[in-house]
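As provided, data-v8.cif (mmCIF, C-alpha atoms) reads as follows.
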data_structure
loop_
_atom_site.label_atom_id
_atom_site.label_comp_id
_atom_site.auth_asym_id
_atom_site.auth_seq_id
_atom_site.Cartn_x
_atom_site.Cartn_y
_atom_site.Cartn_z
CA MET I 1 22.38 21.65 46.22
CA LEU I 2 21.48 24.39 43.76
CA LYS I 3 25.17 25.25 43.45
CA THR I 4 26.01 21.61 42.68
CA PHE I 5 23.28 21.45 40.02
CA ARG I 6 24.51 24.67 38.43
CA GLY I 7 28.06 23.35 38.38
CA THR I 8 26.90 20.12 36.75
CA MET I 9 25.03 22.02 34.02
CA ILE I 10 28.08 24.19 33.34
CA MET I 11 30.20 21.06 33.08
CA ILE I 12 27.72 19.42 30.66
CA GLY I 13 27.68 22.58 28.54
CA GLU I 14 31.46 22.57 28.44
CA CYS I 15 31.38 18.92 27.34
CA PHE I 16 29.06 19.85 24.46
CA ARG I 17 31.38 22.67 23.37
CA MET I 18 34.44 20.43 23.52
CA SER I 19 32.63 17.67 21.63
CA LEU I 20 31.64 20.05 18.84
CA SER I 21 35.18 21.35 18.69
CA ASN I 22 36.56 17.81 18.39
CA ILE I 23 34.04 16.97 15.65
CA ARG I 24 35.00 20.09 13.68
CA GLY I 25 38.66 19.30 14.19
CA ALA I 26 38.33 16.01 12.32
CA LYS I 27 35.93 17.04 9.56
CA VAL I 28 36.59 14.25 7.07
CA ARG I 29 36.51 11.48 9.65
CA SER I 30 33.41 12.92 11.29
CA PHE I 31 31.66 13.24 7.92
CA LEU I 32 32.39 9.63 7.01
CA THR I 33 31.13 8.51 10.41
CA VAL I 34 27.96 10.60 10.14
CA LEU I 35 27.39 9.32 6.60
CA GLY I 36 26.61 5.80 7.80
CA ILE I 37 23.89 7.03 10.17
CA LEU I 38 22.60 9.46 7.54
CA ILE I 39 22.17 6.73 4.91
CA GLY I 40 20.48 4.38 7.37
CA VAL I 41 17.96 6.95 8.62
CA MET I 42 17.34 8.23 5.09
CA ALA I 43 16.60 4.67 3.93
CA VAL I 44 14.17 4.04 6.81
CA ILE I 45 12.32 7.34 6.28
CA THR I 46 12.18 6.96 2.49
CA LEU I 47 10.96 3.36 2.49
CA ILE I 48 8.33 3.76 5.20
CA THR I 49 7.02 7.10 3.88
CA THR I 50 6.86 5.87 0.28
CA VAL I 51 5.14 2.61 1.25
CA ASN I 52 2.62 4.56 3.35
CA GLY I 53 1.89 6.80 0.36
CA VAL I 54 1.43 3.82 -1.95
CA THR I 55 -0.78 2.11 0.64
CA GLY I 56 -2.92 5.22 0.99
CA SER I 57 -3.34 5.56 -2.78
CA ILE I 58 -4.28 1.89 -3.13
CA SER I 59 -6.76 2.19 -0.26
CA ASP I 60 -8.38 5.22 -1.89
CA SER I 61 -8.62 3.35 -5.22
CA PHE I 62 -10.10 0.27 -3.59
CA PHE I 63 -12.59 2.37 -1.67
CA SER I 64 -13.74 4.18 -4.80
CA MET I 65 -14.09 0.84 -6.60
CA GLY I 66 -15.99 -0.94 -3.87
CA ALA I 67 -17.78 1.81 -1.99
CA GLY I 68 -21.40 0.85 -1.35
CA THR I 69 -21.11 -2.64 -2.85
CA LEU I 70 -20.60 -6.28 -1.91
CA THR I 71 -19.18 -8.92 -4.24
CA VAL I 72 -20.63 -12.42 -3.99
CA SER I 73 -19.02 -15.52 -5.51
CA VAL I 74 -21.11 -18.69 -5.53
CA THR I 75 -19.48 -22.13 -5.42
CA GLY I 76 -22.83 -23.88 -5.01
CA SER I 77 -23.82 -27.24 -3.61
CA ASP I 78 -24.87 -30.62 -5.00
CA LEU I 79 -28.49 -29.48 -5.19
CA LYS I 80 -27.99 -25.85 -6.26
CA THR I 81 -25.09 -24.61 -8.38
CA GLY I 82 -25.86 -20.89 -8.52
CA MET I 83 -28.40 -18.09 -8.30
CA SER I 84 -31.44 -18.03 -10.56
CA LYS I 85 -33.09 -14.86 -11.82
CA ALA I 86 -35.78 -15.32 -9.17
CA ASP I 87 -33.12 -15.63 -6.45
CA LEU I 88 -31.51 -12.37 -7.53
CA GLU I 89 -34.88 -10.63 -7.57
CA GLU I 90 -35.54 -11.92 -4.06
CA LEU I 91 -32.32 -10.32 -2.85
CA THR I 92 -33.44 -6.95 -4.23
CA THR I 93 -36.46 -7.08 -1.92
CA LEU I 94 -34.20 -6.89 1.15
CA ALA I 95 -34.29 -3.53 2.90
CA GLU I 96 -30.50 -3.41 2.98
CA VAL I 97 -30.16 -3.97 -0.78
CA GLU I 98 -30.70 -1.34 -3.47
CA GLY I 99 -30.03 -3.58 -6.45
CA VAL I 100 -28.08 -6.53 -7.82
CA THR I 101 -25.86 -6.80 -10.88
CA PRO I 102 -24.91 -10.29 -12.09
CA THR I 103 -21.71 -10.94 -14.01
CA VAL I 104 -21.63 -13.84 -16.48
CA ASN I 105 -18.33 -14.20 -18.31
CA ILE I 106 -17.69 -15.83 -21.66
CA ASN I 107 -13.97 -16.44 -21.53
CA ASN I 108 -11.81 -16.86 -24.61
CA ALA I 109 -14.59 -15.89 -27.01
CA ARG I 110 -13.83 -15.82 -30.73
CA VAL I 111 -14.86 -12.48 -32.20
CA SER I 112 -14.95 -11.75 -35.91
CA ARG I 113 -16.17 -9.29 -38.52
CA GLY I 114 -15.58 -9.60 -42.23
CA GLY I 115 -12.19 -11.16 -42.76
CA SER I 116 -10.84 -10.17 -39.34
CA TYR I 117 -11.07 -12.25 -36.19
CA GLU I 118 -9.58 -12.35 -32.72
CA SER I 119 -9.53 -15.16 -30.16
CA ARG I 120 -9.54 -15.09 -26.38
CA ILE I 121 -11.62 -11.92 -26.16
CA PRO I 122 -13.26 -11.42 -22.72
CA VAL I 123 -17.05 -10.97 -22.98
CA SER I 124 -19.17 -10.17 -19.94
CA GLY I 125 -22.91 -10.34 -19.40
CA LYS I 126 -24.56 -7.54 -17.40
CA ASN I 127 -28.13 -6.55 -16.57
CA ALA I 128 -29.93 -3.27 -17.08
CA TYR I 129 -29.45 -2.20 -13.47
CA TYR I 130 -25.69 -2.07 -13.99
CA PHE I 131 -26.11 0.71 -16.56
CA LEU I 132 -28.63 2.57 -14.40
CA THR I 133 -26.09 2.63 -11.58
CA ASN I 134 -23.09 3.38 -13.80
CA GLU I 135 -24.51 5.89 -16.28
CA GLU I 136 -21.05 7.15 -17.25
CA VAL I 137 -20.09 3.73 -18.65
CA VAL I 138 -21.84 4.35 -21.98
CA VAL I 139 -20.00 7.02 -23.96
CA ARG I 140 -22.02 6.65 -27.15
CA GLY I 141 -25.16 4.84 -28.27
CA ARG I 142 -27.52 3.28 -25.75
CA PRO I 143 -27.09 0.96 -22.75
CA LEU I 144 -28.55 -2.50 -22.40
CA ASN I 145 -32.11 -2.38 -21.12
CA PHE I 146 -34.70 -4.66 -19.50
CA ILE I 147 -36.12 -5.65 -22.91
CA ASP I 148 -32.69 -6.90 -24.03
CA GLU I 149 -32.38 -8.79 -20.77
CA ASN I 150 -35.83 -10.40 -20.82
CA ASN I 151 -35.66 -11.33 -24.53
CA MET I 152 -32.07 -12.63 -24.38
CA SER I 153 -31.33 -10.25 -27.24
CA TYR I 154 -28.16 -10.50 -29.31
CA VAL I 155 -27.03 -6.94 -28.78
CA CYS I 156 -23.75 -5.67 -27.37
CA LEU I 157 -21.62 -2.71 -26.38
CA ILE I 158 -17.94 -2.64 -27.33
CA ASP I 159 -14.90 -0.74 -26.07
CA SER I 160 -12.29 1.28 -27.96
CA GLU I 161 -10.03 -1.74 -28.41
CA MET I 162 -12.72 -3.59 -30.39
CA ILE I 163 -13.33 -0.47 -32.48
CA GLU I 164 -9.65 -0.35 -33.46
CA LYS I 165 -9.59 -4.05 -34.36
CA PHE I 166 -12.90 -4.41 -36.23
CA PHE I 167 -14.33 -0.95 -37.03
CA TYR I 168 -11.35 1.20 -37.94
CA GLY I 169 -12.73 4.21 -39.78
CA VAL I 170 -16.32 2.87 -39.53
CA ASP I 171 -19.11 3.87 -37.15
CA PRO I 172 -19.71 0.63 -35.17
CA VAL I 173 -23.17 1.53 -33.84
CA GLY I 174 -25.72 -0.33 -35.90
CA GLU I 175 -23.18 -2.80 -37.30
CA ASN I 176 -22.93 -6.52 -36.57
CA LEU I 177 -20.11 -8.22 -34.70
CA TYR I 178 -19.85 -12.00 -34.47
CA VAL I 179 -19.19 -13.59 -31.07
CA ASN I 180 -18.57 -17.33 -31.28
CA GLY I 181 -20.24 -17.27 -34.69
CA ILE I 182 -23.40 -15.49 -33.46
CA PRO I 183 -24.18 -12.04 -34.92
CA PHE I 184 -24.55 -9.32 -32.29
CA LEU I 185 -25.89 -5.86 -33.10
CA VAL I 186 -23.60 -3.15 -31.71
CA VAL I 187 -25.86 -0.68 -29.89
CA GLY I 188 -23.26 1.36 -28.02
CA ILE I 189 -19.69 2.05 -27.01
CA PHE I 190 -18.59 1.81 -23.39
CA SER I 191 -15.62 2.79 -21.25
CA THR I 192 -15.01 1.52 -17.72
CA GLU I 193 -12.39 4.15 -16.93
CA GLY I 194 -13.15 5.47 -13.45
CA THR I 195 -15.89 2.87 -12.88
CA GLU I 196 -13.75 -0.19 -12.14
CA SER I 197 -15.15 -2.55 -9.54
CA ILE I 198 -13.93 -5.36 -7.35
CA THR I 199 -15.66 -7.77 -9.74
CA SER I 200 -13.51 -6.52 -12.62
CA LEU I 201 -10.42 -7.25 -10.55
CA ILE I 202 -11.60 -10.80 -9.90
CA SER I 203 -12.84 -11.68 -13.38
CA GLY I 204 -10.93 -9.16 -15.52
CA SER I 205 -12.10 -6.22 -17.60
CA PRO I 206 -14.25 -7.19 -20.62
CA ASN I 207 -14.02 -5.83 -24.15
CA ILE I 208 -17.65 -6.61 -24.96
CA LEU I 209 -20.80 -6.31 -22.83
CA ILE I 210 -23.96 -8.32 -23.60
CA PRO I 211 -27.17 -9.08 -21.66
CA TYR I 212 -26.39 -11.53 -18.87
CA THR I 213 -29.31 -13.74 -19.90
CA THR I 214 -27.79 -14.05 -23.37
CA ALA I 215 -24.42 -14.91 -21.81
CA LEU I 216 -26.09 -17.64 -19.72
CA LYS I 217 -27.70 -19.05 -22.85
CA MET I 218 -24.37 -19.09 -24.69
CA ASN I 219 -22.76 -20.86 -21.74
CA SER I 220 -25.62 -23.38 -21.64
CA ALA I 221 -26.24 -22.31 -18.05
CA SER I 222 -29.24 -21.08 -16.13
CA GLU I 223 -27.72 -19.77 -12.90
CA VAL I 224 -25.38 -16.94 -11.97
CA THR I 225 -22.23 -17.63 -9.93
CA MET I 226 -20.97 -14.06 -9.46
CA PHE I 227 -22.83 -10.84 -8.77
CA THR I 228 -22.48 -7.43 -7.13
CA VAL I 229 -24.87 -6.19 -4.45
CA TYR I 230 -25.48 -2.45 -4.23
CA MET I 231 -26.25 -1.43 -0.67
CA ALA I 232 -29.14 0.85 0.27
CA ASP I 233 -28.36 4.34 1.55
CA GLY I 234 -27.31 4.48 5.19
CA VAL I 235 -26.59 0.75 5.40
CA THR I 236 -23.18 -0.45 6.53
CA SER I 237 -21.26 -3.21 4.78
CA GLN I 238 -21.70 -5.48 7.79
CA GLU I 239 -25.48 -4.98 7.89
CA ALA I 240 -25.83 -5.63 4.17
CA SER I 241 -23.50 -8.63 4.32
CA ASP I 242 -25.44 -10.17 7.22
CA ALA I 243 -28.77 -9.67 5.42
CA VAL I 244 -27.52 -11.16 2.13
CA GLU I 245 -25.86 -14.05 3.95
CA ALA I 246 -29.04 -14.90 5.85
CA ALA I 247 -31.14 -14.85 2.67
CA MET I 248 -28.65 -16.94 0.70
CA ASP I 249 -28.25 -19.45 3.52
CA ALA I 250 -31.96 -20.16 3.21
CA MET I 251 -31.69 -20.46 -0.58
CA PHE I 252 -28.89 -23.02 -0.24
CA SER I 253 -30.69 -24.97 2.50
CA PHE I 254 -28.15 -23.76 5.08
CA GLU I 255 -25.35 -25.83 3.60
CA GLU I 256 -21.87 -24.54 4.40
CA ASP I 257 -19.30 -23.08 2.01
CA CYS I 258 -21.76 -22.47 -0.82
CA PHE I 259 -20.82 -18.82 -1.39
CA THR I 260 -18.37 -16.11 -0.37
CA ILE I 261 -19.26 -12.49 0.35
CA THR I 262 -16.40 -10.04 -0.10
CA THR I 263 -16.73 -6.65 1.56
CA MET I 264 -14.59 -3.58 1.10
CA GLU I 265 -13.50 -3.76 4.74
CA ALA I 266 -12.21 -7.31 4.34
CA ILE I 267 -10.13 -6.34 1.32
CA GLU I 268 -8.78 -3.24 3.04
CA ASN I 269 -7.88 -5.18 6.20
CA THR I 270 -6.05 -7.82 4.18
CA MET I 271 -4.21 -5.17 2.19
CA GLU I 272 -3.25 -3.21 5.32
CA THR I 273 -1.91 -6.38 6.94
CA MET I 274 0.21 -7.17 3.89
CA MET I 275 1.47 -3.61 3.58
CA GLY I 276 2.27 -3.53 7.31
CA MET I 277 4.36 -6.68 6.97
CA MET I 278 6.10 -5.22 3.93
CA THR I 279 6.84 -1.96 5.76
CA THR I 280 8.27 -3.83 8.75
CA LEU I 281 10.44 -5.97 6.47
CA LEU I 282 11.75 -2.96 4.53
CA ALA I 283 12.39 -1.00 7.73
CA GLY I 284 14.31 -3.96 9.13
CA ILE I 285 16.48 -4.18 6.03
CA ALA I 286 17.12 -0.43 6.09
CA SER I 287 18.01 -0.59 9.79
CA ILE I 288 21.01 -2.72 8.92
CA ALA I 289 22.58 0.42 7.49
CA LEU I 290 22.03 2.08 10.88
CA LEU I 291 23.88 -0.73 12.62
CA VAL I 292 26.75 -0.33 10.17
CA GLY I 293 26.76 3.39 10.96
CA GLY I 294 26.83 2.59 14.68
CA ILE I 295 29.88 0.39 14.18
CA GLY I 296 31.49 3.31 12.35
CA ILE I 297 30.82 5.56 15.35
CA MET I 298 32.34 3.00 17.72
CA ASN I 299 35.41 2.70 15.54
CA MET I 300 35.90 6.45 15.38
CA MET I 301 35.42 6.91 19.12
CA LEU I 302 37.90 4.13 19.95
CA THR I 303 40.41 5.82 17.67
CA THR I 304 39.67 9.13 19.34
CA VAL I 305 40.25 7.67 22.80
CA THR I 306 43.65 6.38 21.68
CA GLU I 307 44.59 9.74 20.16
CA ARG I 308 43.47 11.71 23.24
CA THR I 309 45.13 9.57 25.88
CA MET I 310 47.27 12.49 27.07
CA GLU I 311 44.21 14.78 27.35
CA ILE I 312 42.38 12.17 29.41
CA GLY I 313 45.42 11.72 31.70
CA LEU I 314 45.68 15.48 32.34
CA LYS I 315 41.97 15.75 33.16
CA LYS I 316 42.17 12.86 35.58
CA ALA I 317 45.30 14.29 37.17
CA LEU I 318 43.42 17.56 37.69
CA GLY I 319 40.58 15.75 39.47
CA ALA I 320 38.12 14.77 36.71
CA ARG I 321 35.98 11.81 37.71
CA GLN I 322 35.28 8.71 35.67
CA TRP I 323 31.66 9.61 34.97
CA GLN I 324 32.70 13.06 33.73
CA ILE I 325 35.17 11.57 31.24
CA GLN I 326 32.60 9.00 30.17
CA LEU I 327 29.92 11.68 29.76
CA GLN I 328 32.13 13.76 27.46
CA PHE I 329 32.74 10.87 25.06
CA LEU I 330 29.10 9.80 25.18
CA ILE I 331 28.02 13.33 24.28
CA GLU I 332 30.44 13.37 21.35
CA SER I 333 29.11 10.02 20.11
CA PHE I 334 25.53 11.19 20.60
CA LEU I 335 26.13 14.41 18.66
CA LEU I 336 27.65 12.53 15.74
CA SER I 337 24.65 10.21 15.61
CA LEU I 338 22.18 13.07 16.07
CA ILE I 339 23.67 15.07 13.20
CA GLY I 340 23.41 12.02 10.96
CA GLY I 341 19.87 11.28 12.12
CA LEU I 342 18.51 14.78 11.53
CA SER I 343 20.22 15.02 8.15
CA GLY I 344 18.87 11.57 7.22
CA ILE I 345 15.31 12.59 8.18
CA ALA I 346 15.49 15.73 6.02
CA LEU I 347 16.97 13.93 3.02
CA GLY I 348 14.61 10.98 3.47
CA LEU I 349 11.53 13.23 3.38
CA LEU I 350 12.89 15.05 0.33
CA LEU I 351 13.59 11.77 -1.48
CA SER I 352 10.13 10.46 -0.52
CA LEU I 353 8.53 13.58 -1.99
CA ILE I 354 10.44 13.09 -5.25
CA LEU I 355 9.54 9.38 -5.44
CA SER I 356 5.88 10.13 -4.72
CA ASN I 357 5.76 12.57 -7.62
CA VAL I 358 7.55 10.14 -9.93
CA ILE I 359 5.29 7.14 -9.21
CA GLY I 360 2.16 9.25 -8.90
CA THR I 361 1.16 8.54 -5.29
CA ALA I 362 0.25 10.83 -2.43
CA PHE I 363 3.05 12.15 -0.23
CA ARG I 364 2.15 11.30 3.34
CA VAL I 365 4.57 12.18 6.12
CA SER I 366 4.90 9.26 8.52
CA VAL I 367 5.37 10.55 12.07
CA ASP I 368 6.13 7.00 13.20
CA ALA I 369 8.96 6.78 10.66
CA ILE I 370 10.43 10.08 11.85
CA ILE I 371 10.25 9.00 15.49
CA LEU I 372 11.76 5.63 14.58
CA GLY I 373 14.60 7.19 12.60
CA PHE I 374 15.37 9.83 15.24
CA GLY I 375 15.09 7.41 18.16
CA PHE I 376 17.16 4.74 16.46
CA SER I 377 19.93 7.19 15.56
CA ALA I 378 20.04 8.56 19.12
CA ALA I 379 20.11 5.05 20.57
CA ILE I 380 22.88 4.04 18.15
CA GLY I 381 25.01 6.96 19.34
CA ILE I 382 24.59 6.03 23.01
CA VAL I 383 24.89 2.25 22.63
CA PHE I 384 27.88 2.25 20.31
CA GLY I 385 29.54 5.16 22.10
CA TRP I 386 29.30 3.56 25.53
CA ALA I 387 32.22 1.12 25.13
CA PRO I 388 34.73 3.78 23.94
CA ALA I 389 33.53 6.17 26.65
CA ARG I 390 33.92 3.48 29.30
CA LYS I 391 37.39 2.69 28.03
CA ALA I 392 38.34 6.36 28.24
CA SER I 393 36.98 6.73 31.77
CA ARG I 394 38.96 3.71 33.02
CA LEU I 395 42.35 4.89 31.77
CA ASN I 396 44.95 5.08 34.52
CA PRO I 397 46.09 8.72 34.72
CA ILE I 398 49.70 7.69 35.34
CA ASP I 399 49.74 5.44 32.26
CA ALA I 400 48.06 8.16 30.24
CA LEU I 401 50.60 10.80 31.26
CA ARG I 402 53.51 8.52 30.34
CA SER I 403 52.44 8.89 26.68
CA MET I 404 53.43 12.58 26.79
#
Using structure tokens, write down the structure that the file contains.
Amino acid sequence: MLKTFRGTMIMIGECFRMSLSNIRGAKVRSFLTVLGILIGVMAVITLITTVNGVTGSISDSFFSMGAGTLTVSVTGSDLKTGMSKADLEELTTLAEVEGVTPTVNINNARVSRGGSYESRIPVSGKNAYYFLTNEEVVVRGRPLNFIDENNMSYVCLIDSEMIEKFFYGVDPVGENLYVNGIPFLVVGIFSTEGTESITSLISGSPNILIPYTTALKMNSASEVTMFTVYMADGVTSQEASDAVEAAMDAMFSFEEDCFTITTMEAIENTMETMMGMMTTLLAGIASIALLVGGIGIMNMMLTTVTERTMEIGLKKALGARQWQIQLQFLIESFLLSLIGGLSGIALGLLLSLILSNVIGTAFRVSVDAIILGFGFSAAIGIVFGWAPARKASRLNPIDALRSM
């Protein structure tokens, strides 16, 4: 039995050597055949790896924006349209909540100074706690404080865009800026770079910040419909969400669909689902190139069988069995596919690295993509090489020898 096994291994090794010799003997044809597999695997690796890198970068950005916070949007009911100042203060008494920051937007505000004016400027109302939590927002001047909030003061902070439009060459701090015809004293300059939040994604980034109580007054409103909850240390998003939901259910008399709580986990799960679907779709499209490469392998192997009819007849006349002939052609097909697959993986990773640097995302090697590309290429070689190998093994030795 050991002798039979040793003989089989020698025969398989000889098949590998002959297959490599045949591949080298038809360099141009072999290269064109390998090229189809190479392009397909390279496309799969590049697309999946690049999408994974983009997904990871987006996840990191979302996490930094929403870490430790919940975003609440209030639709209200017939009896209660939003959250009053007392309601927000009640939420801050929860053990799971560190603080609350309301957001009151004045959309399409008309801003002017002197003879200059701009329309459709986004203005957002914030409270003092927002600036205590995001100290880096104010780059010059002072933040809004509790006195501004309680007195509904007409004071504001502006960003660099407003400085360019209304205060070019002038120090804006201490100057007046008119919002919807109302003079606001500029007390500071702010920048939200690096402090973006989920709320800013929902409602947009403002150019002017004012006390939220002042924004309510300008909107002729008394209740807040959007706010951010800052979680206490050591509290999970689920624990904070459950506590806020229970408190708000009582405030809205347990009516359904009065508010929506958005957690970081919910956004990440939705994004991962979408990215997963996109990755699957892109991988499917790229796999078409692999199928085309497989057809190329089948075509080459069928041509090879026709060209090597005499060789097959001699082997059969000398006692070669059908499975031995079939194995030799399968090995040749497998090697062609394997060469293309390995080359495609290497080029795909290199191209992914270049694309990651160009678009500014992290380069993350996807083991699943490598396994998929390698496995698919190997399977292509076997599946598409089986028919030519079977044809070769079934040749009648007498008919084959007549071609000499």
- request: For range 252-263 of chain I, please output as a ChimeraX atom specification all residues within 6 Å (counting all atoms listed in the file; exclusion window: fewer than 5 positions along the same chain).
  value: /I:70-77
field: Given the PyMOL selection byres ((chain I and resi 126) around 9), the residues it picks as a VMD selection string
entry: chain I and resid 101 to 104 124 to 125 127 to 131 144 149 209 to 213 215
field: Expansion of the PyMOL selection byres ((chain I and resi 50) around 9) into residues, as JSON, numbers by chain
entry: {"I": [45, 46, 47, 48, 49, 51, 52, 53, 54, 55, 352, 353, 355, 356, 361, 362, 363, 364, 365]}
Centre and size of axis-aligned box enclosing range 123-130 of chain I plus 8 Å each side, as AutoDock Vina command-line options:
--center_x -23.5 --center_y -6.5 --center_z -18.2 --size_x 28.9 --size_y 24.9 --size_z 25.5
field: Interatomic distance, CA of Val186 in chain I to CA of Val111 in chain I (Å, one decimal)
entry: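 Computed distance, CA of Val186 in chain I to CA of Val111 in chain I, equals 12.8 Å.
Rounded to one decimal, CA of Leu35 in chain I and CA of Gly276 in chain I lie 28.2 Å from each other.
Residues within 10 Å of range 169-185 of chain I, counting all atoms listed in the file and excluding same-chain residues fewer than 5 positions away, are Ile106, Asn108, Ala109, Arg110, Val111, Ser112, Arg113, Gly114, Tyr117, Glu118, Ser119, Ile121, Val123, Arg140, Gly141, Arg142, Ser153, Tyr154, Val155, Cys156, Leu157, Ile158, Met162, Ile163, Glu164, Ile208, Ile210 and Met218 of chain I.
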Dump of C-alpha atoms for the selected residues, as a PDB file, in the coordinates of the input:
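selection-v1.pdb, freshly written:
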ATOM      1  CA  ILE I 106     -17.690 -15.830 -21.660  1.00  0.00           C
ATOM      2  CA  ASN I 108     -11.810 -16.860 -24.610  1.00  0.00           C
ATOM      3  CA  ALA I 109     -14.590 -15.890 -27.010  1.00  0.00           C
ATOM      4  CA  ARG I 110     -13.830 -15.820 -30.730  1.00  0.00           C
ATOM      5  CA  VAL I 111     -14.860 -12.480 -32.200  1.00  0.00           C
ATOM      6  CA  SER I 112     -14.950 -11.750 -35.910  1.00  0.00           C
ATOM      7  CA  ARG I 113     -16.170  -9.290 -38.520  1.00  0.00           C
ATOM      8  CA  GLY I 114     -15.580  -9.600 -42.230  1.00  0.00           C
ATOM      9  CA  TYR I 117     -11.070 -12.250 -36.190  1.00  0.00           C
ATOM     10  CA  GLU I 118      -9.580 -12.350 -32.720  1.00  0.00           C
ATOM     11  CA  SER I 119      -9.530 -15.160 -30.160  1.00  0.00           C
ATOM     12  CA  ILE I 121     -11.620 -11.920 -26.160  1.00  0.00           C
ATOM     13  CA  VAL I 123     -17.050 -10.970 -22.980  1.00  0.00           C
ATOM     14  CA  ARG I 140     -22.020   6.650 -27.150  1.00  0.00           C
ATOM     15  CA  GLY I 141     -25.160   4.840 -28.270  1.00  0.00           C
ATOM     16  CA  ARG I 142     -27.520   3.280 -25.750  1.00  0.00           C
ATOM     17  CA  SER I 153     -31.330 -10.250 -27.240  1.00  0.00           C
ATOM     18  CA  TYR I 154     -28.160 -10.500 -29.310  1.00  0.00           C
ATOM     19  CA  VAL I 155     -27.030  -6.940 -28.780  1.00  0.00           C
ATOM     20  CA  CYS I 156     -23.750  -5.670 -27.370  1.00  0.00           C
ATOM     21  CA  LEU I 157     -21.620  -2.710 -26.380  1.00  0.00           C
ATOM     22  CA  ILE I 158     -17.940  -2.640 -27.330  1.00  0.00           C
ATOM     23  CA  MET I 162     -12.720  -3.590 -30.390  1.00  0.00           C
ATOM     24  CA  ILE I 163     -13.330  -0.470 -32.480  1.00  0.00           C
ATOM     25  CA  GLU I 164      -9.650  -0.350 -33.460  1.00  0.00           C
ATOM     26  CA  ILE I 208     -17.650  -6.610 -24.960  1.00  0.00           C
ATOM     27  CA  ILE I 210     -23.960  -8.320 -23.600  1.00  0.00           C
ATOM     28  CA  MET I 218     -24.370 -19.090 -24.690  1.00  0.00           C
TER      29      MET I 218
END
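Here the PyMOL selection byres ((chain I and resi 229) around 6) catches exactly these residues: Thr69, Leu70, Val100, Thr228 and Tyr230 of chain I.
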message: Could you tell me how far CA of Glu96 in chain I sits from CA of Val235 in chain I, in Å to one decimal place?
response: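 Those two atoms sit 6.2 Å apart.
Distances here use all atoms listed in the file; by that measure, the residue among I:Ile297, I:Ala86, I:Leu91, I:Val138 closest to Ile382 in chain I is I:Ile297.
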- prompt: Smallest atom-to-atom distance to Asn299 in chain I: which of I:Met42, I:Ser237, I:Leu350, I:Gly381, using all atoms listed in the file?
  reply: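 Among the listed residues, the smallest separation from Asn299 in chain I belongs to I:Gly381.
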message: Just want the 12 Å neighbourhood of Ile285 in chain I, counted on all atoms listed in the file, with same-chain residues fewer than 5 positions away dropped. Output as a ChimeraX atom specification.
response: /I:40-41,43-44,47-48,278-280,290-292
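Nearest residue to Thr236 in chain I among I:Leu79, I:Leu216, I:Val97, I:Glu90 is I:Val97, counting only C-alpha atoms.
Nearest to Glu245 in chain I of all the residues I:Ala369, I:Leu94, I:Lys27, I:Asn105 is I:Leu94, based on all atoms listed in the file.
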